[in-house]
Amino acid sequence: QVQLVESGGGLVQAGGSLRLSCRVSGVIFSFANMGWYRQAPGKQRELVATVTSGSSTNYAASVKGRFAISRDNAKNTVYLQMNSLKPEDTAVYYCNRRDSFGRDYWGQGTQVTVSS
């Protein structure tokens with residue numbers, strides 16, 4: 001059974017930083033393509049960043065240069081370092097794993113609130 005557990009959200013002032021973590025179990029993590037998504041109130045869930053099993057990364061234009069996704073295969077964990085946070089980054093952030101069949105697995109989400 002695949003499980004994804006996020007942590008690290010919270011309240012931060014604009015310009016501040018947060019690091020989200022997502023611990024994954026029930027899968028050979030080193031083979032897993034992972035991602036972070038977010039959903040703001042009244043909006044659709046959107047891609048933030050992805051990292052492949054080979055550690056190639058991809059970012060949404062809105063976060064490029066401010067956010068960094070990384071993985072630690074020894075800890076079965078994927079991270080999202082968020083710097084220079086803006087109020088528009090406020091959302092629930094979800095960890096994602098997409099398997100080779102295109103099936104998505106999600107964590108429970110962690111709230112990030114950026115005050116102006």
# chains A, B, ... in the order shown; residues from 1 in each chain; ligands from 1

call {"tool": "closest_atom_pairs", "arguments": {"of": "stretch 50-85 of chain A", "to": "stretch 36-45 of chain A", "cutoff": "10 Å", "atoms": "only C-alpha atoms", "output": "Markdown table"}}
result
| residue | atom | partner | partner_atom | distance |
| --- | --- | --- | --- | --- |
| A:Thr50 | CA | A:Trp36 | CA | 6.3 |
| A:Val51 | CA | A:Trp36 | CA | 9.0 |
| A:Tyr59 | CA | A:Trp36 | CA | 9.6 |
| A:Ala60 | CA | A:Tyr37 | CA | 9.8 |
| A:Ile69 | CA | A:Trp36 | CA | 8.2 |
| A:Val78 | CA | A:Trp36 | CA | 9.0 |
| A:Tyr79 | CA | A:Trp36 | CA | 8.8 |
| A:Leu80 | CA | A:Trp36 | CA | 7.5 |

call {"tool": "select_by_dssp", "arguments": {"residues": "chain A", "states": "strand (DSSP E or B)", "output": "PyMOL selection string"}}
result
chain A and resi 3-7+10-13+18-25+33-39+46-51+57-59+67-72+77-82+91-98+104-106+110-115

call {"tool": "atom_distance", "arguments": {"atom1": "atom CA of A:Tyr105", "atom2": "atom CA of A:Gln81"}}
result
21.1 Å

call {"tool": "select_by_dssp", "arguments": {"residues": "chain A", "states": "helix (DSSP H, G or I)", "output": "ChimeraX atom specification"}}
result
/A:29-31,73-75,87-89

call {"tool": "residues_around", "arguments": {"residues": "A:Met82", "least_positions_apart": "3", "cutoff": "8 Å", "atoms": "only C-alpha atoms", "output": "PyMOL selection string"}}
result
chain A and resi 17-20+66-68+85

call {"tool": "residues_around", "arguments": {"residues": "A:Asn58", "least_positions_apart": "3", "cutoff": "12 Å", "atoms": "only C-alpha atoms", "output": "ChimeraX atom specification"}}
result
/A:33-36,47-52,55,61-65,67-70

call {"tool": "closest_residue", "arguments": {"among": "A:Ser116, A:Asp89, A:Gly102, A:Gln1", "to": "A:Glu46", "atoms": "only C-alpha atoms"}}
result
A:Asp89

call {"tool": "residues_around", "arguments": {"residues": "A:Ala32", "least_positions_apart": "3", "cutoff": "9 Å", "atoms": "only C-alpha atoms", "output": "list in words"}}
result
Val27, Ile28, Phe29, Val51, Thr52, Ser53, Arg97, Arg98, Asp99 and Ser100 of chain A

call {"tool": "residues_around", "arguments": {"residues": "A:Glu6", "least_positions_apart": "3", "cutoff": "12 Å", "atoms": "only C-alpha atoms", "output": "ChimeraX atom specification"}}
result
/A:3,9-10,19-25,35-37,77-80,92-96,106-112

call {"tool": "closest_residue", "arguments": {"among": "A:Leu11, A:Gly16, A:Ser115, A:Leu4", "to": "A:Asn83", "atoms": "only C-alpha atoms"}}
result
A:Gly16

call {"tool": "closest_residue", "arguments": {"among": "A:Arg103, A:Asn73, A:Ser56, A:Thr90", "to": "A:Gln13", "atoms": "only C-alpha atoms"}}
result
A:Thr90
